[in-house]
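Enquirer: Provided below: coords_23.cif, containing mmCIF, C-alpha atoms and all ligand atoms.
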```
data_model
#
loop_
_atom_site.label_atom_id
_atom_site.label_comp_id
_atom_site.auth_asym_id
_atom_site.auth_seq_id
_atom_site.Cartn_x
_atom_site.Cartn_y
_atom_site.Cartn_z
CA HIS A 164 156.69 -129.55 105.02
CA MET A 165 153.22 -129.23 103.48
CA LYS A 166 150.38 -128.32 105.86
CA VAL A 167 146.64 -127.92 105.20
CA HIS A 168 144.52 -126.11 107.80
CA PRO A 169 140.99 -127.23 108.78
CA GLU A 170 139.53 -123.87 107.72
CA ASP A 171 140.99 -124.42 104.22
CA VAL A 172 139.09 -127.70 104.05
CA GLN A 173 135.87 -126.06 105.26
CA ARG A 174 136.20 -123.28 102.65
CA VAL A 175 136.38 -125.90 99.89
CA LEU A 176 133.43 -127.87 101.25
CA VAL A 177 131.15 -124.84 101.29
CA CYS A 178 132.59 -123.51 97.99
CA GLU A 179 130.33 -120.85 96.53
CA LEU A 180 130.24 -122.50 93.08
CA PRO A 181 126.70 -123.22 91.87
CA HIS A 182 125.84 -126.78 92.93
CA GLU A 183 126.37 -127.93 89.33
CA LEU A 184 129.36 -126.83 87.23
CA MET A 185 128.43 -124.39 84.45
CA PRO A 186 127.83 -126.31 81.19
CA GLU A 187 130.71 -124.49 79.46
CA VAL A 188 133.24 -126.24 81.76
CA ALA A 189 132.49 -129.49 79.89
CA LEU A 190 133.31 -128.03 76.45
CA TYR A 191 136.59 -128.91 74.71
CA HIS A 192 137.48 -125.26 74.12
CA PHE A 193 137.04 -124.29 77.80
CA SER A 194 140.46 -123.25 79.13
CA PRO A 195 140.98 -124.31 82.79
CA ARG A 196 143.71 -121.67 83.01
CA LYS A 197 140.91 -119.07 83.18
CA VAL A 198 139.66 -120.45 86.53
CA GLU A 199 140.53 -118.35 89.59
CA GLU A 200 143.30 -120.10 91.56
CA SER A 201 141.16 -119.96 94.73
CA GLU A 202 138.36 -121.84 92.93
CA CYS A 203 140.40 -124.64 91.30
CA VAL A 204 140.01 -127.12 94.17
CA CYS A 205 136.24 -126.58 94.22
CA TYR A 206 136.14 -127.23 90.46
CA CYS A 207 138.08 -130.47 90.97
CA LEU A 208 135.60 -131.62 93.62
CA LYS A 209 132.65 -130.79 91.33
CA MET A 210 134.23 -132.65 88.41
CA PHE A 211 134.70 -135.81 90.49
CA GLU A 212 131.05 -135.47 91.62
CA ASP A 213 129.78 -134.75 88.11
CA LEU A 214 131.22 -138.05 86.87
CA GLY A 215 129.56 -139.90 89.77
CA LEU A 216 132.91 -141.00 91.19
CA VAL A 217 132.32 -139.57 94.71
CA GLN A 218 129.11 -141.59 94.94
CA GLN A 219 130.43 -144.72 93.20
CA TRP A 220 133.56 -145.02 95.38
CA GLN A 221 132.03 -143.62 98.60
CA ILE A 222 134.66 -140.87 98.77
CA LYS A 223 134.17 -138.68 101.85
CA LYS A 224 134.03 -135.06 100.66
CA ASP A 225 136.20 -133.66 103.46
CA THR A 226 138.81 -136.33 102.65
CA LEU A 227 138.67 -135.40 98.95
CA ALA A 228 138.93 -131.67 99.81
CA ARG A 229 141.96 -132.29 102.06
CA PHE A 230 143.59 -134.56 99.43
CA LEU A 231 143.10 -131.89 96.72
CA LEU A 232 144.54 -129.14 98.93
CA PHE A 233 147.63 -131.26 99.67
CA VAL A 234 148.09 -131.98 95.95
CA LYS A 235 147.79 -128.26 95.13
CA LYS A 236 150.40 -127.45 97.83
CA GLY A 237 152.62 -130.22 96.44
CA TYR A 238 153.37 -128.22 93.27
CA ARG A 239 156.14 -125.61 93.07
CA ASP A 240 155.87 -122.27 91.26
CA ALA A 241 157.82 -123.33 88.17
CA PRO A 242 156.88 -121.32 85.05
CA TYR A 243 155.07 -124.28 83.41
CA HIS A 244 155.18 -127.38 85.63
CA ASN A 245 153.02 -125.87 88.41
CA TRP A 246 149.55 -126.45 89.88
CA TYR A 247 147.79 -124.88 86.88
CA HIS A 248 149.42 -127.46 84.59
CA ALA A 249 148.18 -130.27 86.85
CA PHE A 250 144.71 -128.72 87.04
CA SER A 251 144.48 -128.36 83.24
CA VAL A 252 145.71 -131.93 82.66
CA PHE A 253 143.08 -133.13 85.16
CA HIS A 254 140.37 -131.04 83.45
CA PHE A 255 141.15 -132.63 80.07
CA SER A 256 140.81 -136.15 81.55
CA TYR A 257 137.37 -135.02 82.82
CA LEU A 258 136.47 -133.74 79.32
CA ALA A 259 137.53 -137.01 77.67
CA ILE A 260 135.72 -139.26 80.15
CA LYS A 261 132.53 -137.13 79.97
CA ASN A 262 132.37 -136.23 76.27
CA LEU A 263 133.64 -139.54 74.84
CA HIS A 264 131.40 -141.49 77.31
CA LEU A 265 134.43 -143.68 78.07
CA VAL A 266 132.88 -145.49 81.08
CA GLU A 267 129.31 -145.90 79.75
CA LYS A 268 130.66 -147.30 76.46
CA GLY A 269 132.96 -149.70 78.28
CA TYR A 270 136.28 -148.33 77.02
CA ILE A 271 137.49 -147.90 80.62
CA SER A 272 136.05 -149.00 83.98
CA SER A 273 134.88 -146.58 86.66
CA LEU A 274 137.96 -147.52 88.75
CA GLU A 275 140.21 -146.76 85.76
CA ALA A 276 138.47 -143.39 85.35
CA LEU A 277 139.13 -142.59 89.03
CA ALA A 278 142.78 -143.67 88.73
CA LEU A 279 143.21 -141.68 85.48
CA MET A 280 141.90 -138.44 87.02
CA VAL A 281 143.92 -138.82 90.23
CA SER A 282 147.04 -139.64 88.16
CA CYS A 283 146.53 -136.49 86.06
CA LEU A 284 146.29 -134.33 89.20
CA CYS A 285 149.44 -135.90 90.72
CA HIS A 286 151.50 -136.64 87.60
CA ASP A 287 154.02 -133.76 87.97
CA LEU A 288 154.03 -133.30 91.78
CA ASP A 289 157.04 -131.36 93.10
CA HIS A 290 158.43 -130.75 89.57
CA ARG A 291 161.52 -128.50 89.61
CA GLY A 292 161.23 -127.27 86.00
CA THR A 293 164.13 -129.44 84.80
CA THR A 294 164.26 -132.61 82.69
CA ASN A 295 165.23 -136.21 83.50
CA SER A 296 168.52 -135.84 81.61
CA PHE A 297 169.32 -132.71 83.68
CA GLN A 298 168.82 -134.78 86.88
CA MET A 299 171.25 -137.43 85.60
CA GLN A 300 173.87 -135.04 84.17
CA SER A 301 173.97 -132.87 87.29
CA GLY A 302 173.68 -135.83 89.67
CA THR A 303 170.75 -134.49 91.72
CA GLU A 304 169.47 -136.35 94.79
CA LEU A 305 166.48 -137.53 92.70
CA ALA A 306 168.92 -139.04 90.17
CA SER A 307 170.75 -140.90 92.95
CA LEU A 308 167.38 -142.24 94.12
CA TYR A 309 165.87 -143.27 90.78
CA SER A 310 168.34 -143.08 87.86
CA SER A 311 168.93 -146.86 87.79
CA GLU A 312 165.26 -147.40 86.83
CA GLY A 313 164.96 -144.38 84.47
CA SER A 314 162.02 -141.90 84.42
CA VAL A 315 163.64 -140.12 87.38
CA MET A 316 161.14 -137.26 87.71
CA GLU A 317 158.09 -139.48 87.12
CA ARG A 318 159.20 -141.85 89.93
CA HIS A 319 159.48 -138.84 92.22
CA HIS A 320 156.01 -137.56 91.21
CA LEU A 321 154.63 -141.04 92.02
CA ALA A 322 156.40 -141.12 95.40
CA GLN A 323 154.93 -137.71 96.26
CA ALA A 324 151.43 -138.88 95.28
CA LEU A 325 151.67 -141.99 97.47
CA CYS A 326 152.97 -139.84 100.34
CA ILE A 327 149.87 -137.60 100.12
CA LEU A 328 147.52 -140.61 99.95
CA ASN A 329 149.18 -141.90 103.16
CA THR A 330 148.74 -138.56 104.95
CA ASP A 331 146.12 -138.51 107.73
CA GLY A 332 142.64 -137.75 106.39
CA CYS A 333 143.74 -137.78 102.74
CA ASN A 334 143.12 -141.37 101.70
CA ILE A 335 140.33 -140.92 99.14
CA PHE A 336 140.44 -144.69 98.43
CA ASP A 337 139.20 -145.59 101.93
CA GLY A 338 135.92 -146.90 100.49
CA LEU A 339 137.59 -149.38 98.12
CA THR A 340 138.04 -153.08 98.88
CA SER A 341 141.66 -154.17 99.30
CA LYS A 342 141.56 -155.72 95.80
CA GLN A 343 140.22 -152.48 94.26
CA TYR A 344 142.76 -150.45 96.31
CA SER A 345 145.78 -152.41 95.03
CA ARG A 346 144.42 -152.33 91.45
CA CYS A 347 143.96 -148.56 91.75
CA LEU A 348 147.50 -147.99 93.04
CA ASP A 349 148.94 -150.21 90.28
CA LEU A 350 147.08 -148.09 87.73
CA ILE A 351 148.31 -144.80 89.27
CA ARG A 352 151.89 -146.13 89.22
CA ASP A 353 151.67 -147.17 85.54
CA LEU A 354 149.85 -143.98 84.48
CA ILE A 355 152.24 -141.54 86.18
CA LEU A 356 155.30 -143.42 84.82
CA ALA A 357 153.63 -143.33 81.37
CA THR A 358 153.87 -139.50 81.35
CA ASP A 359 157.63 -139.79 80.61
CA LEU A 360 157.70 -138.75 76.94
CA ALA A 361 160.45 -141.32 76.31
CA HIS A 362 157.96 -144.00 77.48
CA HIS A 363 155.28 -142.58 75.16
CA ILE A 364 157.64 -142.55 72.16
CA ARG A 365 158.28 -146.30 72.71
CA LEU A 366 154.53 -147.04 72.71
CA VAL A 367 153.16 -144.74 70.02
CA GLN A 368 153.57 -147.25 67.15
CA ASP A 369 151.54 -149.83 69.09
CA GLN A 370 148.90 -147.16 69.73
CA GLU A 371 148.80 -146.30 66.00
CA LYS A 372 148.43 -150.00 65.17
CA MET A 373 145.57 -150.31 67.70
CA ALA A 374 143.76 -147.32 66.14
CA THR A 375 144.17 -148.73 62.63
CA GLU A 376 143.03 -152.27 63.59
CA GLY A 377 140.17 -150.92 65.73
CA PHE A 378 139.86 -151.01 69.52
CA ASP A 379 139.34 -154.56 70.88
CA PHE A 380 137.35 -154.22 74.13
CA ASN A 381 138.51 -157.68 75.26
CA ASN A 382 142.20 -157.02 74.59
CA SER A 383 143.88 -155.98 77.87
CA ARG A 384 146.86 -154.56 75.94
CA HIS A 385 144.49 -152.31 73.97
CA ARG A 386 142.81 -151.20 77.20
CA GLN A 387 146.24 -150.37 78.72
CA LEU A 388 147.43 -148.51 75.56
CA LEU A 389 144.23 -146.45 75.58
CA LEU A 390 144.80 -145.36 79.20
CA PHE A 391 148.40 -144.34 78.35
CA LEU A 392 147.13 -142.45 75.28
CA LEU A 393 144.61 -140.57 77.46
CA MET A 394 147.42 -139.59 79.88
CA THR A 395 149.59 -138.22 77.05
CA CYS A 396 146.63 -136.40 75.44
CA SER A 397 145.81 -134.84 78.82
CA ASP A 398 149.45 -133.83 79.41
CA LEU A 399 149.53 -132.12 75.97
CA SER A 400 145.97 -130.75 76.06
CA ASP A 401 147.00 -127.07 76.11
CA GLN A 402 147.80 -127.58 72.41
CA THR A 403 144.12 -128.39 71.69
CA LYS A 404 143.00 -124.94 72.92
CA ASP A 405 143.00 -121.67 70.96
CA TRP A 406 146.21 -120.05 69.65
CA LYS A 407 146.56 -117.70 72.63
CA VAL A 408 146.62 -120.63 75.11
CA SER A 409 148.89 -122.72 72.86
CA ARG A 410 151.41 -119.88 72.39
CA THR A 411 151.33 -118.81 76.07
CA THR A 412 152.02 -122.39 77.13
CA ALA A 413 154.98 -122.58 74.72
CA ASP A 414 156.35 -119.37 76.28
CA LEU A 415 156.13 -120.94 79.75
CA VAL A 416 157.76 -124.20 78.60
CA TYR A 417 160.67 -122.29 77.01
CA GLN A 418 161.10 -120.19 80.16
CA GLU A 419 161.79 -123.50 81.94
CA PHE A 420 163.95 -124.86 79.11
CA PHE A 421 166.07 -121.67 78.85
CA SER A 422 166.54 -121.50 82.65
CA GLN A 423 167.79 -125.09 82.52
CA GLY A 424 170.06 -124.16 79.60
CA ASP A 425 171.50 -121.23 81.60
CA LEU A 426 172.13 -123.62 84.52
CA GLU A 427 173.84 -126.17 82.24
CA LYS A 428 176.08 -123.46 80.74
CA ALA A 429 176.99 -122.29 84.28
CA MET A 430 177.89 -125.90 85.10
CA GLY A 431 180.08 -126.11 81.98
CA ASN A 432 177.71 -128.41 80.08
CA ALA A 433 176.45 -127.54 76.56
CA PRO A 434 172.62 -127.47 76.58
CA LEU A 435 170.42 -128.90 73.82
CA GLU A 436 169.64 -126.27 71.18
CA MET A 437 165.97 -126.17 72.37
CA MET A 438 167.26 -125.20 75.84
CA ASP A 439 169.74 -122.58 74.63
CA ARG A 440 168.14 -119.11 74.56
CA GLU A 441 170.90 -117.97 72.14
CA LYS A 442 170.19 -120.69 69.56
CA ALA A 443 166.56 -121.86 69.93
CA ARG A 444 164.10 -120.82 67.20
CA ILE A 445 160.82 -121.31 69.05
CA PRO A 446 158.44 -121.35 66.04
CA ASP A 447 160.51 -124.04 64.27
CA LEU A 448 160.86 -126.07 67.49
CA GLN A 449 157.11 -125.87 68.06
CA ILE A 450 156.37 -126.98 64.47
CA GLN A 451 158.57 -130.02 65.13
CA PHE A 452 157.02 -130.76 68.54
CA LEU A 453 153.47 -130.48 67.15
CA SER A 454 154.34 -132.51 64.02
CA HIS A 455 156.25 -135.33 65.73
CA ILE A 456 154.50 -135.60 69.12
CA VAL A 457 151.23 -133.64 69.51
CA CYS A 458 149.34 -134.04 66.21
CA PRO A 459 150.09 -137.79 65.91
CA VAL A 460 148.66 -138.37 69.40
CA PHE A 461 145.42 -136.51 68.70
CA LYS A 462 145.21 -138.22 65.28
CA ILE A 463 145.17 -141.59 67.07
CA LEU A 464 142.52 -140.29 69.51
CA ALA A 465 140.40 -138.99 66.60
CA GLN A 466 140.72 -142.35 64.79
CA LEU A 467 139.40 -144.14 67.91
CA PHE A 468 136.79 -141.46 68.68
CA PRO A 469 135.51 -139.44 65.67
CA ASP A 470 133.93 -136.95 68.13
CA ALA A 471 137.50 -136.00 69.15
CA ASP A 472 138.35 -134.83 65.62
CA CYS A 473 137.90 -131.17 66.72
CA LEU A 474 140.88 -131.67 69.08
CA LEU A 475 143.09 -132.84 66.20
CA GLN A 476 141.91 -129.88 64.10
CA SER A 477 142.89 -127.45 66.88
CA THR A 478 146.43 -128.89 67.10
CA LEU A 479 146.79 -128.64 63.30
CA LYS A 480 145.52 -125.03 63.38
CA ASN A 481 148.06 -124.14 66.11
CA ARG A 482 150.84 -125.73 64.04
CA HIS A 483 149.76 -123.59 61.07
CA CYS A 484 149.97 -120.48 63.26
CA TRP A 485 153.57 -121.42 64.16
CA GLU A 486 154.33 -121.89 60.44
CA GLN A 487 153.08 -118.35 59.77
CA ALA A 488 155.10 -117.03 62.73
CA SER A 489 158.18 -118.85 61.44
CA ALA A 490 157.75 -117.41 57.92
CA PHE A 491 157.27 -113.93 59.41
CA PHE A 492 160.44 -114.19 61.52
CA SER A 493 162.62 -115.53 58.70
CA ARG A 494 161.26 -112.86 56.29
CA ARG A 495 162.15 -110.14 58.76
CA TRP A 496 165.56 -111.72 59.46
CA GLU A 497 166.44 -112.03 55.73
CA SER A 498 165.58 -108.40 54.93
CA GLY A 499 168.35 -107.42 57.36
CA HIS A 500 166.15 -105.97 60.08
CA SER A 501 168.00 -106.02 63.40
CA SER A 502 166.35 -108.29 65.93
CA LEU A 503 164.98 -105.26 67.80
CA ASP A 504 163.12 -103.97 64.70
CA ILE A 505 161.21 -107.24 64.61
CA LEU A 506 159.63 -106.33 67.94
CA ARG A 507 158.45 -102.93 66.63
C1 LIG A 601 154.17 -135.15 77.79
O1 LIG A 601 155.33 -134.94 78.54
C2 LIG A 601 155.92 -133.70 78.49
C3 LIG A 601 157.04 -133.53 79.30
C4 LIG A 601 157.68 -132.30 79.31
C5 LIG A 601 157.20 -131.25 78.53
CL1 LIG A 601 157.99 -129.71 78.61
C6 LIG A 601 156.10 -131.43 77.69
C7 LIG A 601 155.56 -130.31 76.90
N1 LIG A 601 154.37 -129.78 77.19
N2 LIG A 601 154.15 -128.76 76.36
C8 LIG A 601 155.24 -128.65 75.54
C9 LIG A 601 155.52 -127.72 74.52
C10 LIG A 601 154.55 -126.62 74.18
N3 LIG A 601 156.66 -127.80 73.84
C11 LIG A 601 157.55 -128.78 74.10
C12 LIG A 601 158.75 -128.87 73.34
C13 LIG A 601 159.64 -129.91 73.55
C14 LIG A 601 159.36 -130.86 74.54
C15 LIG A 601 160.29 -132.01 74.76
O2 LIG A 601 160.29 -132.59 75.84
N4 LIG A 601 161.06 -132.37 73.71
C16 LIG A 601 162.01 -133.49 73.82
C17 LIG A 601 161.35 -134.83 73.51
C18 LIG A 601 160.42 -134.76 72.33
C19 LIG A 601 162.43 -135.87 73.26
C20 LIG A 601 158.22 -130.77 75.34
C21 LIG A 601 157.30 -129.74 75.13
N5 LIG A 601 156.12 -129.62 75.87
C22 LIG A 601 155.44 -132.66 77.69
MG MG A 602 155.96 -134.87 83.68
ZN ZN A 603 152.85 -132.79 82.75
#
```
Give the structure from the file, written as structure tokens.
Ligand SMILES: COc1ccc(Cl)c(-c2nnc3c(C)nc4ccc(C(=O)NCC(C)C)cc4n23)c1
Ligand SMILES: [Mg+2]
Ligand SMILES: [Zn+2]
Expert:
Amino acid sequence: HMKVHPEDVQRVLVCELPHELMPEVALYHFSPRKVEESECVCYCLKMFEDLGLVQQWQIKKDTLARFLLFVKKGYRDAPYHNWYHAFSVFHFSYLAIKNLHLVEKGYISSLEALALMVSCLCHDLDHRGTTNSFQMQSGTELASLYSSEGSVMERHHLAQALCILNTDGCNIFDGLTSKQYSRCLDLIRDLILATDLAHHIRLVQDQEKMATEGFDFNNSRHRQLLLFLLMTCSDLSDQTKDWKVSRTTADLVYQEFFSQGDLEKAMGNAPLEMMDREKARIPDLQIQFLSHIVCPVFKILAQLFPDADCLLQSTLKNRHCWEQASAFFSRRWESGHSSLDILR
């Protein structure tokens, strides 16, 4: 099982990073995937500090370091759903809280900010690179545990997060009152379960309505919908970066999808087209994913926060790049070039 050695904790505590994070880390176009793997945990610690959460919630730094190391170890080396995905989702939540001034302006409380960032770090813990429907169809042990409630993987990610919080020396919420502690765990539960795209799809119309009507600070439903929106935006944030990041991420996602499709074929089940390496047309699938899921989410965020418009523009630009790629591929296909020529 997962182990973290004392010297690992010490190395994080004395991390060489300049005391303050470089200013560029707080920019929307900063890509967390450029951070050295050995430095990620230090960056996480600095981001918590930078938002004043270590001070505000009296989080002991060695406890936070140990917690972060356990979370990092809790991810597998799947092509996409690995530690770097968790780290980049966490980094986006930091960007949103810092640049949209979410706490100072009263959109979320400091406790909600803490729960949001911890949820982002933990939201895909122990992911196996396969979907909820794969768990159910192939009757995995996770399906037998959670399929009656739905969101099979998300319930497992939550269970793993709670297990780490209950590990000796990892409870970063030690400084909270019992009321704050139970509120924080309720938030983490709701936020991690909200990362099931099926859950998001059920809520998105309410989120669009909220953005059109205008955010009501006294409406607890609005406050909850905003937190769920921030989780989904963070989970999809690779699509707000430049084309190279957006395309590379798509490659990693389809590596997972095609591996699952190969598994399903081997088990005698027909995979979805997007999981079948023989049938999937990645540019077209990405245009659909950006059009139906990604751009609408960042449109809602931009309606609520005009400063976030640059994020929406980036997702639209990446969709346009996929449209050009799609046109290029179909042009080459039509003129009878064999598939290999295309790669010339
Ligand atoms: C927010 O939660 C998740 C969970 C799992 C994944 Cl893999 C993603 C995710 N993150 N980046 C991507 C990219 C670049 N392409 C994707 C293409 C399709 C789908 C997908 O799940 N389509 C079926 C659904 C719409 C019914 C997800 C994709 N995705 C996000
Ligand atoms: Mg997930
Ligand atoms: Zn995720």
Enquirer: Using only C-alpha atoms, which residues sit within 8 Å of segment 436-447 of chain A once same-chain residues fewer than 2 positions away are excluded, as a VMD selection string?
Expert: chain A and resid 417 420 to 425 434 449 to 451 485 to 486 488 to 489
Enquirer: Which residues are near segment 168-170 of chain A? Cut-off 12 Å, all atoms listed in the file, ignore same chain within fewer than 5 positions. Put them as a tab-separated table (two decimals) with C-alpha atoms, in the frame of the given file.
Expert:
```tsv
chain	number	residue	atom	x	y	z
A	175	VAL	CA	136.38	-125.90	99.89
A	176	LEU	CA	133.43	-127.87	101.25
A	177	VAL	CA	131.15	-124.84	101.29
A	178	CYS	CA	132.59	-123.51	97.99
A	225	ASP	CA	136.20	-133.66	103.46
A	226	THR	CA	138.81	-136.33	102.65
A	228	ALA	CA	138.93	-131.67	99.81
A	229	ARG	CA	141.96	-132.29	102.06
A	230	PHE	CA	143.59	-134.56	99.43
A	232	LEU	CA	144.54	-129.14	98.93
A	233	PHE	CA	147.63	-131.26	99.67
A	236	LYS	CA	150.40	-127.45	97.83
A	332	GLY	CA	142.64	-137.75	106.39
```
Enquirer: Return the single residue from A:Ala276, A:Cys285, A:Leu214, A:Ala490 that is closest to Asn245 of chain A, with distances computed using only C-alpha atoms.
Expert: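 Distance minimum relative to Asn245 of chain A lands on A:Cys285.
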Enquirer: For ligand ZN 603 (chain A), list the contacting residues at 8 Å or closer, counting only C-alpha atoms and all ligand atoms, as a PDB file with C-alpha atoms, in the frame of the given file.
Expert:
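Listed below is the output, part.pdb:
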```pdb
ATOM      1  CA  HIS A 244     155.180-127.380  85.630  1.00  0.00           C
ATOM      2  CA  HIS A 248     149.420-127.460  84.590  1.00  0.00           C
ATOM      3  CA  ALA A 249     148.180-130.270  86.850  1.00  0.00           C
ATOM      4  CA  VAL A 252     145.710-131.930  82.660  1.00  0.00           C
ATOM      5  CA  HIS A 286     151.500-136.640  87.600  1.00  0.00           C
ATOM      6  CA  ASP A 287     154.020-133.760  87.970  1.00  0.00           C
ATOM      7  CA  THR A 358     153.870-139.500  81.350  1.00  0.00           C
ATOM      8  CA  ASP A 398     149.450-133.830  79.410  1.00  0.00           C
ATOM      9  CA  LEU A 399     149.530-132.120  75.970  1.00  0.00           C
TER      10      LEU A 399
END
```
Enquirer: Quick one: residues within 10 Å of Ile456 of chain A, all atoms listed in the file counted, chain neighbours fewer than 6 positions away excluded, as a ChimeraX atom specification?
Expert: /A:360,363-364,367,395,399,450
Enquirer: My list of candidates is A:Ile271, A:Cys484, A:Leu348, A:Leu227. Which is closest to Ile335 of chain A when distances are computed with all atoms listed in the file?
Expert: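 Nearest to Ile335 of chain A: A:Leu227.
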Enquirer: Nearest to ligand LIG 601 (chain A): which of A:Lys404, A:Arg386, A:Arg494, A:His455 is it, counting only C-alpha atoms and all ligand atoms?
Expert: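 Going through A:Lys404, A:Arg386, A:Arg494, A:His455 one by one, the smallest distance to ligand LIG 601 (chain A) is for A:His455.
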Enquirer: Counting only C-alpha atoms and all ligand atoms, which residue out of A:Glu317, A:Glu376, A:Asp470, A:Glu497 sits closest to ligand LIG 601 (chain A)?
Expert: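 Checking each of A:Glu317, A:Glu376, A:Asp470, A:Glu497 against ligand LIG 601 (chain A), counting only C-alpha atoms and all ligand atoms, the winner is A:Glu317.
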Enquirer: One number please: atom CA of Gln370 of chain A to atom CA of Ile463 of chain A, in Å, one decimal.
Expert: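 The value is 7.2 Å.
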